[in-house]
$ cat run.csv   # CSV, N, CA and C atoms
chain,number,residue,atom,x,y,z
A,1,MET,N,-25.9,24.4,-77.0
A,1,MET,CA,-26.5,25.5,-76.3
A,1,MET,C,-27.7,24.9,-75.5
A,2,PRO,N,-27.8,25.2,-74.2
A,2,PRO,CA,-28.9,24.6,-73.4
A,2,PRO,C,-30.2,25.2,-73.9
A,3,LYS,N,-31.2,24.3,-73.9
A,3,LYS,CA,-32.6,24.7,-74.3
A,3,LYS,C,-33.6,24.6,-73.2
A,4,ASN,N,-34.6,25.4,-73.3
A,4,ASN,CA,-35.7,25.4,-72.3
A,4,ASN,C,-37.0,25.8,-73.0
A,5,LEU,N,-38.1,25.6,-72.4
A,5,LEU,CA,-39.4,26.0,-72.9
A,5,LEU,C,-39.6,25.5,-74.4
A,6,LYS,N,-39.7,24.2,-74.4
A,6,LYS,CA,-40.0,23.5,-75.7
A,6,LYS,C,-39.0,23.8,-76.8
A,7,GLY,N,-37.7,23.7,-76.5
A,7,GLY,CA,-36.7,23.9,-77.5
A,7,GLY,C,-36.2,25.3,-77.8
A,8,THR,N,-36.7,26.3,-77.0
A,8,THR,CA,-36.3,27.7,-77.2
A,8,THR,C,-34.8,27.8,-76.7
A,9,PRO,N,-33.9,28.3,-77.5
A,9,PRO,CA,-32.6,28.5,-77.1
A,9,PRO,C,-32.5,29.5,-75.9
A,10,MET,N,-31.7,29.1,-74.9
A,10,MET,CA,-31.5,29.9,-73.7
A,10,MET,C,-31.1,31.4,-74.1
A,11,ALA,N,-30.2,31.5,-75.1
A,11,ALA,CA,-29.8,32.8,-75.5
A,11,ALA,C,-30.9,33.7,-75.9
A,12,LEU,N,-32.0,33.1,-76.5
A,12,LEU,CA,-33.2,33.9,-76.8
A,12,LEU,C,-33.9,34.4,-75.6
A,13,LEU,N,-34.0,33.4,-74.6
A,13,LEU,CA,-34.7,33.8,-73.4
A,13,LEU,C,-34.1,34.9,-72.6
A,14,SER,N,-32.7,35.0,-72.8
A,14,SER,CA,-32.0,36.0,-72.0
A,14,SER,C,-31.4,37.1,-73.0
A,15,PHE,N,-32.0,37.2,-74.2
A,15,PHE,CA,-31.4,38.1,-75.2
A,15,PHE,C,-31.2,39.5,-74.7
A,16,ASP,N,-32.2,40.0,-74.0
A,16,ASP,CA,-32.1,41.4,-73.5
A,16,ASP,C,-31.0,41.6,-72.5
A,17,GLN,N,-30.6,40.5,-71.8
A,17,GLN,CA,-29.5,40.6,-70.8
A,17,GLN,C,-28.1,40.4,-71.4
A,18,LEU,N,-28.1,39.9,-72.6
A,18,LEU,CA,-26.8,39.6,-73.2
A,18,LEU,C,-26.0,40.9,-73.5
A,19,PRO,N,-24.7,40.9,-73.4
A,19,PRO,CA,-24.0,42.1,-73.7
A,19,PRO,C,-23.9,42.2,-75.2
A,20,ASP,N,-23.7,43.5,-75.7
A,20,ASP,CA,-23.6,43.7,-77.2
A,20,ASP,C,-22.4,42.9,-77.8
A,21,SER,N,-21.4,42.6,-77.0
A,21,SER,CA,-20.3,41.8,-77.5
A,21,SER,C,-20.5,40.3,-77.6
A,22,ALA,N,-21.7,39.9,-77.1
A,22,ALA,CA,-22.0,38.4,-77.2
A,22,ALA,C,-22.3,38.0,-78.7
A,23,PHE,N,-22.3,36.8,-78.9
A,23,PHE,CA,-22.7,36.2,-80.2
A,23,PHE,C,-23.8,35.2,-80.1
A,24,VAL,N,-24.7,35.1,-81.1
A,24,VAL,CA,-25.7,34.1,-81.1
A,24,VAL,C,-25.7,33.4,-82.4
A,25,ARG,N,-26.2,32.2,-82.4
A,25,ARG,CA,-26.3,31.3,-83.5
A,25,ARG,C,-27.6,31.6,-84.3
A,26,ILE,N,-27.7,31.0,-85.4
A,26,ILE,CA,-28.9,31.2,-86.3
A,26,ILE,C,-30.2,30.8,-85.6
A,27,THR,N,-30.2,29.8,-84.8
A,27,THR,CA,-31.4,29.3,-84.1
A,27,THR,C,-32.0,30.4,-83.3
A,28,VAL,N,-31.2,31.3,-82.7
A,28,VAL,CA,-31.7,32.4,-82.0
A,28,VAL,C,-32.4,33.4,-82.9
A,29,LEU,N,-31.7,33.7,-84.0
A,29,LEU,CA,-32.3,34.7,-85.0
A,29,LEU,C,-33.6,34.1,-85.5
A,30,ILE,N,-33.7,32.8,-85.8
A,30,ILE,CA,-34.9,32.2,-86.3
A,30,ILE,C,-36.1,32.5,-85.3
A,31,ALA,N,-35.8,32.2,-84.0
A,31,ALA,CA,-36.8,32.4,-83.0
A,31,ALA,C,-37.1,33.9,-82.8
A,32,LEU,N,-36.1,34.7,-82.8
A,32,LEU,CA,-36.3,36.2,-82.5
A,32,LEU,C,-37.1,36.8,-83.7
A,33,LEU,N,-36.8,36.5,-84.9
A,33,LEU,CA,-37.4,37.1,-86.0
A,33,LEU,C,-38.6,36.3,-86.6
A,34,THR,N,-38.9,35.2,-86.0
A,34,THR,CA,-39.9,34.2,-86.4
A,34,THR,C,-40.0,34.0,-87.9
A,35,CYS,N,-38.8,33.6,-88.4
A,35,CYS,CA,-38.7,33.3,-89.8
A,35,CYS,C,-37.9,32.0,-90.0
A,36,SER,N,-37.7,31.6,-91.2
A,36,SER,CA,-37.0,30.4,-91.5
A,36,SER,C,-35.5,30.6,-91.7
A,37,ARG,N,-34.7,29.5,-91.6
A,37,ARG,CA,-33.3,29.6,-91.9
A,37,ARG,C,-33.0,30.2,-93.2
A,38,THR,N,-33.8,29.8,-94.2
A,38,THR,CA,-33.6,30.3,-95.6
A,38,THR,C,-33.8,31.8,-95.6
A,39,THR,N,-34.8,32.3,-94.9
A,39,THR,CA,-35.1,33.7,-94.9
A,39,THR,C,-34.0,34.5,-94.2
A,40,ILE,N,-33.4,33.9,-93.2
A,40,ILE,CA,-32.3,34.6,-92.5
A,40,ILE,C,-31.2,34.8,-93.5
A,41,TRP,N,-30.8,33.7,-94.2
A,41,TRP,CA,-29.7,33.8,-95.2
A,41,TRP,C,-30.0,34.7,-96.4
A,42,ARG,N,-31.3,34.8,-96.8
A,42,ARG,CA,-31.7,35.7,-97.8
A,42,ARG,C,-31.6,37.1,-97.4
A,43,TRP,N,-32.0,37.4,-96.1
A,43,TRP,CA,-31.8,38.8,-95.6
A,43,TRP,C,-30.4,39.2,-95.4
A,44,VAL,N,-29.5,38.2,-95.1
A,44,VAL,CA,-28.1,38.5,-95.0
A,44,VAL,C,-27.6,38.9,-96.4
A,45,ARG,N,-27.9,38.0,-97.4
A,45,ARG,CA,-27.5,38.3,-98.7
A,45,ARG,C,-28.0,39.7,-99.2
A,46,ASP,N,-29.2,40.0,-98.9
A,46,ASP,CA,-29.8,41.3,-99.3
A,46,ASP,C,-29.4,42.5,-98.5
A,47,GLY,N,-28.6,42.3,-97.4
A,47,GLY,CA,-28.2,43.4,-96.6
A,47,GLY,C,-29.1,43.8,-95.5
A,48,ARG,N,-30.3,43.1,-95.4
A,48,ARG,CA,-31.2,43.4,-94.3
A,48,ARG,C,-30.7,43.0,-93.0
A,49,LEU,N,-29.9,42.0,-92.9
A,49,LEU,CA,-29.2,41.5,-91.7
A,49,LEU,C,-27.7,41.6,-91.8
A,50,PRO,N,-27.0,41.8,-90.8
A,50,PRO,CA,-25.5,41.9,-90.9
A,50,PRO,C,-24.9,40.6,-91.3
A,51,GLN,N,-23.8,40.6,-91.8
A,51,GLN,CA,-23.0,39.4,-92.1
A,51,GLN,C,-22.6,38.7,-90.8
A,52,PRO,N,-22.7,37.4,-90.8
A,52,PRO,CA,-22.2,36.7,-89.6
A,52,PRO,C,-20.7,36.5,-89.6
A,53,LEU,N,-20.2,36.1,-88.5
A,53,LEU,CA,-18.8,35.8,-88.3
A,53,LEU,C,-18.8,34.2,-88.5
A,54,HIS,N,-17.9,33.7,-89.3
A,54,HIS,CA,-17.8,32.3,-89.5
A,54,HIS,C,-16.7,31.7,-88.7
A,55,LEU,N,-17.1,30.9,-87.7
A,55,LEU,CA,-16.1,30.3,-86.8
A,55,LEU,C,-15.6,28.9,-87.3
A,56,GLY,N,-16.2,28.4,-88.3
A,56,GLY,CA,-15.9,27.2,-88.9
A,56,GLY,C,-16.7,27.0,-90.1
A,57,SER,N,-16.5,25.8,-90.8
A,57,SER,CA,-17.3,25.6,-92.0
A,57,SER,C,-18.8,25.5,-91.8
A,58,ASN,N,-19.2,25.2,-90.6
A,58,ASN,CA,-20.6,25.0,-90.4
A,58,ASN,C,-21.1,25.8,-89.2
A,59,ILE,N,-20.3,26.8,-88.7
A,59,ILE,CA,-20.6,27.6,-87.5
A,59,ILE,C,-20.6,29.1,-87.9
A,60,SER,N,-21.8,29.7,-87.9
A,60,SER,CA,-21.9,31.1,-88.1
A,60,SER,C,-22.6,31.7,-86.9
A,61,VAL,N,-22.0,32.9,-86.5
A,61,VAL,CA,-22.6,33.6,-85.3
A,61,VAL,C,-22.8,35.1,-85.7
A,62,TRP,N,-23.7,35.7,-85.0
A,62,TRP,CA,-24.0,37.1,-85.2
A,62,TRP,C,-23.8,37.9,-83.9
A,63,SER,N,-23.3,39.1,-84.1
A,63,SER,CA,-23.0,39.9,-82.9
A,63,SER,C,-24.4,40.4,-82.4
A,64,VAL,N,-24.6,40.3,-81.1
A,64,VAL,CA,-25.8,40.7,-80.5
A,64,VAL,C,-26.0,42.2,-80.7
A,65,GLY,N,-24.9,43.0,-80.5
A,65,GLY,CA,-25.0,44.4,-80.7
A,65,GLY,C,-25.4,44.8,-82.1
A,66,GLU,N,-24.9,44.1,-83.1
A,66,GLU,CA,-25.3,44.4,-84.5
A,66,GLU,C,-26.7,44.0,-84.8
A,67,ILE,N,-27.2,42.9,-84.2
A,67,ILE,CA,-28.6,42.5,-84.4
A,67,ILE,C,-29.5,43.6,-83.7
A,68,ARG,N,-29.1,44.0,-82.5
A,68,ARG,CA,-29.9,45.1,-81.8
A,68,ARG,C,-30.0,46.3,-82.7
A,69,ARG,N,-28.9,46.8,-83.2
A,69,ARG,CA,-28.9,48.0,-84.0
A,69,ARG,C,-29.8,47.8,-85.3
A,70,THR,N,-29.7,46.6,-85.9
A,70,THR,CA,-30.5,46.4,-87.1
A,70,THR,C,-32.0,46.4,-86.7
A,71,LEU,N,-32.3,45.7,-85.6
A,71,LEU,CA,-33.7,45.7,-85.2
A,71,LEU,C,-34.3,47.1,-84.9
A,72,LYS,N,-33.4,47.9,-84.3
A,72,LYS,CA,-33.8,49.3,-83.9
A,72,LYS,C,-34.1,50.1,-85.2
A,73,LYS,N,-33.2,50.0,-86.2
A,73,LYS,CA,-33.4,50.7,-87.5
A,73,LYS,C,-34.6,50.2,-88.2
A,74,LEU,N,-34.9,48.9,-88.2
A,74,LEU,CA,-36.1,48.4,-88.8
A,74,LEU,C,-37.4,48.9,-88.1
A,75,ALA,N,-37.3,49.0,-86.7
A,75,ALA,CA,-38.5,49.5,-86.0
A,75,ALA,C,-38.7,51.0,-86.2
A,76,GLU,N,-37.6,51.8,-86.4
A,76,GLU,CA,-37.7,53.2,-86.7
A,76,GLU,C,-38.3,53.4,-88.1
A,77,ARG,N,-37.9,52.6,-89.0
A,77,ARG,CA,-38.5,52.7,-90.4
A,77,ARG,C,-40.0,52.4,-90.4
A,78,ASN,N,-40.3,51.4,-89.7
A,78,ASN,CA,-41.7,50.9,-89.7
A,78,ASN,C,-42.7,51.8,-88.8
A,79,SER,N,-42.1,52.7,-88.0
A,79,SER,CA,-43.0,53.5,-87.1
A,79,SER,C,-43.4,54.8,-87.8
A,80,LEU,N,-43.0,55.0,-89.1
A,80,LEU,CA,-43.5,56.2,-89.8
A,80,LEU,C,-44.9,56.1,-90.2

$ encode --input "run.csv" --output "structure tokens"
Amino acid sequence: MPKNLKGTPMALLSFDQLPDSAFVRITVLIALLTCSRTTIWRWVRDGRLPQPLHLGSNISVWSVGEIRRTLKKLAERNSL
């Protein structure tokens, strides 16, 4: 994945323009949610984040549409 701005994944820089059918890797989630890799996996296990699609033994991707819906739900809960 091409990187720009001190290692920021390009998918994060253009996240708002990605179609819901696109997929992103964990590095984008780490930057988007400003948390660690361990926290991402803990949130997946706890159901706070959707399950990834496993493309191989070491390749996991998340649906941009699912991530957007999850972030919207979290924002709605926190706005009360």

$ residues_around --input "run.csv" --residues "Leu49 (chain A)" --least-positions-apart "2" --cutoff "8 Å" --atoms "only C-alpha atoms" --output "PyMOL selection string"
chain A and resi 40+43-47+51+67+70

$ atom_distance --input "run.csv" --atom1 "atom C of Glu66 (chain A)" --atom2 "atom N of Ser21 (chain A)"
9.5 Å

$ residues_around --input "run.csv" --residues "region 53-63 of chain A" --least-positions-apart "3" --cutoff "6 Å" --atoms "all atoms listed in the file" --output "PyMOL selection string"
chain A and resi 20-26+66-68

$ select_by_dssp --input "run.csv" --residues "chain A" --states "alpha helix (DSSP H)" --output "PyMOL selection string"
chain A and resi 10-13+26-33+37-46+64-78

$ write_last_selection --input "run.csv" --atoms "N, CA and C atoms" --output "mmCIF file, in the frame of the given file"
data_model
loop_
_atom_site.group_PDB
_atom_site.id
_atom_site.type_symbol
_atom_site.label_atom_id
_atom_site.label_comp_id
_atom_site.auth_asym_id
_atom_site.auth_seq_id
_atom_site.Cartn_x
_atom_site.Cartn_y
_atom_site.Cartn_z
ATOM 1 N N MET A 10 -31.700 29.100 -74.900
ATOM 2 C CA MET A 10 -31.500 29.900 -73.700
ATOM 3 C C MET A 10 -31.100 31.400 -74.100
ATOM 4 N N ALA A 11 -30.200 31.500 -75.100
ATOM 5 C CA ALA A 11 -29.800 32.800 -75.500
ATOM 6 C C ALA A 11 -30.900 33.700 -75.900
ATOM 7 N N LEU A 12 -32.000 33.100 -76.500
ATOM 8 C CA LEU A 12 -33.200 33.900 -76.800
ATOM 9 C C LEU A 12 -33.900 34.400 -75.600
ATOM 10 N N LEU A 13 -34.000 33.400 -74.600
ATOM 11 C CA LEU A 13 -34.700 33.800 -73.400
ATOM 12 C C LEU A 13 -34.100 34.900 -72.600
ATOM 13 N N ILE A 26 -27.700 31.000 -85.400
ATOM 14 C CA ILE A 26 -28.900 31.200 -86.300
ATOM 15 C C ILE A 26 -30.200 30.800 -85.600
ATOM 16 N N THR A 27 -30.200 29.800 -84.800
ATOM 17 C CA THR A 27 -31.400 29.300 -84.100
ATOM 18 C C THR A 27 -32.000 30.400 -83.300
ATOM 19 N N VAL A 28 -31.200 31.300 -82.700
ATOM 20 C CA VAL A 28 -31.700 32.400 -82.000
ATOM 21 C C VAL A 28 -32.400 33.400 -82.900
ATOM 22 N N LEU A 29 -31.700 33.700 -84.000
ATOM 23 C CA LEU A 29 -32.300 34.700 -85.000
ATOM 24 C C LEU A 29 -33.600 34.100 -85.500
ATOM 25 N N ILE A 30 -33.700 32.800 -85.800
ATOM 26 C CA ILE A 30 -34.900 32.200 -86.300
ATOM 27 C C ILE A 30 -36.100 32.500 -85.300
ATOM 28 N N ALA A 31 -35.800 32.200 -84.000
ATOM 29 C CA ALA A 31 -36.800 32.400 -83.000
ATOM 30 C C ALA A 31 -37.100 33.900 -82.800
ATOM 31 N N LEU A 32 -36.100 34.700 -82.800
ATOM 32 C CA LEU A 32 -36.300 36.200 -82.500
ATOM 33 C C LEU A 32 -37.100 36.800 -83.700
ATOM 34 N N LEU A 33 -36.800 36.500 -84.900
ATOM 35 C CA LEU A 33 -37.400 37.100 -86.000
ATOM 36 C C LEU A 33 -38.600 36.300 -86.600
ATOM 37 N N ARG A 37 -34.700 29.500 -91.600
ATOM 38 C CA ARG A 37 -33.300 29.600 -91.900
ATOM 39 C C ARG A 37 -33.000 30.200 -93.200
ATOM 40 N N THR A 38 -33.800 29.800 -94.200
ATOM 41 C CA THR A 38 -33.600 30.300 -95.600
ATOM 42 C C THR A 38 -33.800 31.800 -95.600
ATOM 43 N N THR A 39 -34.800 32.300 -94.900
ATOM 44 C CA THR A 39 -35.100 33.700 -94.900
ATOM 45 C C THR A 39 -34.000 34.500 -94.200
ATOM 46 N N ILE A 40 -33.400 33.900 -93.200
ATOM 47 C CA ILE A 40 -32.300 34.600 -92.500
ATOM 48 C C ILE A 40 -31.200 34.800 -93.500
ATOM 49 N N TRP A 41 -30.800 33.700 -94.200
ATOM 50 C CA TRP A 41 -29.700 33.800 -95.200
ATOM 51 C C TRP A 41 -30.000 34.700 -96.400
ATOM 52 N N ARG A 42 -31.300 34.800 -96.800
ATOM 53 C CA ARG A 42 -31.700 35.700 -97.800
ATOM 54 C C ARG A 42 -31.600 37.100 -97.400
ATOM 55 N N TRP A 43 -32.000 37.400 -96.100
ATOM 56 C CA TRP A 43 -31.800 38.800 -95.600
ATOM 57 C C TRP A 43 -30.400 39.200 -95.400
ATOM 58 N N VAL A 44 -29.500 38.200 -95.100
ATOM 59 C CA VAL A 44 -28.100 38.500 -95.000
ATOM 60 C C VAL A 44 -27.600 38.900 -96.400
ATOM 61 N N ARG A 45 -27.900 38.000 -97.400
ATOM 62 C CA ARG A 45 -27.500 38.300 -98.700
ATOM 63 C C ARG A 45 -28.000 39.700 -99.200
ATOM 64 N N ASP A 46 -29.200 40.000 -98.900
ATOM 65 C CA ASP A 46 -29.800 41.300 -99.300
ATOM 66 C C ASP A 46 -29.400 42.500 -98.500
ATOM 67 N N VAL A 64 -24.600 40.300 -81.100
ATOM 68 C CA VAL A 64 -25.800 40.700 -80.500
ATOM 69 C C VAL A 64 -26.000 42.200 -80.700
ATOM 70 N N GLY A 65 -24.900 43.000 -80.500
ATOM 71 C CA GLY A 65 -25.000 44.400 -80.700
ATOM 72 C C GLY A 65 -25.400 44.800 -82.100
ATOM 73 N N GLU A 66 -24.900 44.100 -83.100
ATOM 74 C CA GLU A 66 -25.300 44.400 -84.500
ATOM 75 C C GLU A 66 -26.700 44.000 -84.800
ATOM 76 N N ILE A 67 -27.200 42.900 -84.200
ATOM 77 C CA ILE A 67 -28.600 42.500 -84.400
ATOM 78 C C ILE A 67 -29.500 43.600 -83.700
ATOM 79 N N ARG A 68 -29.100 44.000 -82.500
ATOM 80 C CA ARG A 68 -29.900 45.100 -81.800
ATOM 81 C C ARG A 68 -30.000 46.300 -82.700
ATOM 82 N N ARG A 69 -28.900 46.800 -83.200
ATOM 83 C CA ARG A 69 -28.900 48.000 -84.000
ATOM 84 C C ARG A 69 -29.800 47.800 -85.300
ATOM 85 N N THR A 70 -29.700 46.600 -85.900
ATOM 86 C CA THR A 70 -30.500 46.400 -87.100
ATOM 87 C C THR A 70 -32.000 46.400 -86.700
ATOM 88 N N LEU A 71 -32.300 45.700 -85.600
ATOM 89 C CA LEU A 71 -33.700 45.700 -85.200
ATOM 90 C C LEU A 71 -34.300 47.100 -84.900
ATOM 91 N N LYS A 72 -33.400 47.900 -84.300
ATOM 92 C CA LYS A 72 -33.800 49.300 -83.900
ATOM 93 C C LYS A 72 -34.100 50.100 -85.200
ATOM 94 N N LYS A 73 -33.200 50.000 -86.200
ATOM 95 C CA LYS A 73 -33.400 50.700 -87.500
ATOM 96 C C LYS A 73 -34.600 50.200 -88.200
ATOM 97 N N LEU A 74 -34.900 48.900 -88.200
ATOM 98 C CA LEU A 74 -36.100 48.400 -88.800
ATOM 99 C C LEU A 74 -37.400 48.900 -88.100
ATOM 100 N N ALA A 75 -37.300 49.000 -86.700
ATOM 101 C CA ALA A 75 -38.500 49.500 -86.000
ATOM 102 C C ALA A 75 -38.700 51.000 -86.200
ATOM 103 N N GLU A 76 -37.600 51.800 -86.400
ATOM 104 C CA GLU A 76 -37.700 53.200 -86.700
ATOM 105 C C GLU A 76 -38.300 53.400 -88.100
ATOM 106 N N ARG A 77 -37.900 52.600 -89.000
ATOM 107 C CA ARG A 77 -38.500 52.700 -90.400
ATOM 108 C C ARG A 77 -40.000 52.400 -90.400
ATOM 109 N N ASN A 78 -40.300 51.400 -89.700
ATOM 110 C CA ASN A 78 -41.700 50.900 -89.700
ATOM 111 C C ASN A 78 -42.700 51.800 -88.800
#

$ atom_distance --input "run.csv" --atom1 "CA of Phe15 (chain A)" --atom2 "CA of Arg42 (chain A)"
22.7 Å

$ closest_residue --input "run.csv" --among "A:Glu76, A:Leu13, A:Leu71, A:Gly65" --to "Ala31 (chain A)" --atoms "only C-alpha atoms"
A:Leu13

$ atom_distance --input "run.csv" --atom1 "CA of Lys72 (chain A)" --atom2 "CA of Thr38 (chain A)"
22.3 Å

$ select_by_dssp --input "run.csv" --residues "chain A" --states "strand (DSSP E)" --output "JSON, numbers by chain"
{"A": [3, 4, 8, 9, 23, 24, 53, 54, 55, 56, 59, 60, 61, 62, 63]}

$ decode --input "run.csv" --residues "region 2-53 of chain A" --atoms "C-alpha atoms" --output "short mmCIF file (atom, residue, chain, number, x, y, z; two decimals), in the first residue's frame"
data_model
loop_
_atom_site.label_atom_id
_atom_site.label_comp_id
_atom_site.auth_asym_id
_atom_site.auth_seq_id
_atom_site.Cartn_x
_atom_site.Cartn_y
_atom_site.Cartn_z
CA PRO A 2 1.52 3.37 -0.97
CA LYS A 3 2.25 5.64 1.95
CA ASN A 4 2.42 9.39 2.26
CA LEU A 5 2.67 11.97 5.04
CA LYS A 6 5.15 10.24 7.32
CA GLY A 7 3.89 6.70 6.82
CA THR A 8 0.14 7.38 6.76
CA PRO A 9 -1.56 4.78 4.53
CA MET A 10 -3.03 6.34 1.38
CA ALA A 11 -6.31 4.53 2.09
CA LEU A 12 -6.65 6.58 5.27
CA LEU A 13 -5.97 9.84 3.46
CA SER A 14 -8.75 9.02 1.00
CA PHE A 15 -11.03 7.08 3.39
CA ASP A 16 -13.98 9.41 2.80
CA GLN A 17 -13.76 8.85 -0.96
CA LEU A 18 -13.49 5.05 -0.79
CA PRO A 19 -16.64 3.14 -1.81
CA ASP A 20 -18.40 1.11 0.87
CA SER A 21 -17.40 -2.01 -1.06
CA ALA A 22 -13.66 -1.28 -0.60
CA PHE A 23 -11.50 -3.03 1.97
CA VAL A 24 -8.80 -1.66 4.26
CA ARG A 25 -6.04 -3.31 6.25
CA ILE A 26 -5.43 -3.02 9.98
CA THR A 27 -2.93 -0.16 9.54
CA VAL A 28 -5.78 2.05 8.33
CA LEU A 29 -7.93 1.12 11.34
CA ILE A 30 -5.04 1.83 13.70
CA ALA A 31 -4.59 5.30 12.22
CA LEU A 32 -8.34 5.97 11.91
CA LEU A 33 -9.15 4.93 15.48
CA THR A 34 -5.81 6.05 16.97
CA CYS A 35 -5.28 2.84 18.87
CA SER A 36 -2.96 -0.14 18.85
CA ARG A 37 -3.10 -3.36 16.84
CA THR A 38 -3.89 -5.21 20.08
CA THR A 39 -6.82 -2.90 20.78
CA ILE A 40 -8.23 -3.45 17.28
CA TRP A 41 -8.19 -7.22 17.81
CA ARG A 42 -9.66 -6.86 21.32
CA TRP A 43 -12.51 -4.74 19.92
CA VAL A 44 -13.12 -7.33 17.18
CA ARG A 45 -13.23 -10.09 19.79
CA ASP A 46 -15.60 -8.03 21.99
CA GLY A 47 -17.89 -7.20 19.06
CA ARG A 48 -17.15 -3.46 19.06
CA LEU A 49 -15.65 -3.78 15.56
CA PRO A 50 -16.84 -6.07 12.77
CA GLN A 51 -15.04 -9.30 11.99
CA PRO A 52 -12.47 -8.99 9.21
CA LEU A 53 -12.35 -11.00 6.03
#
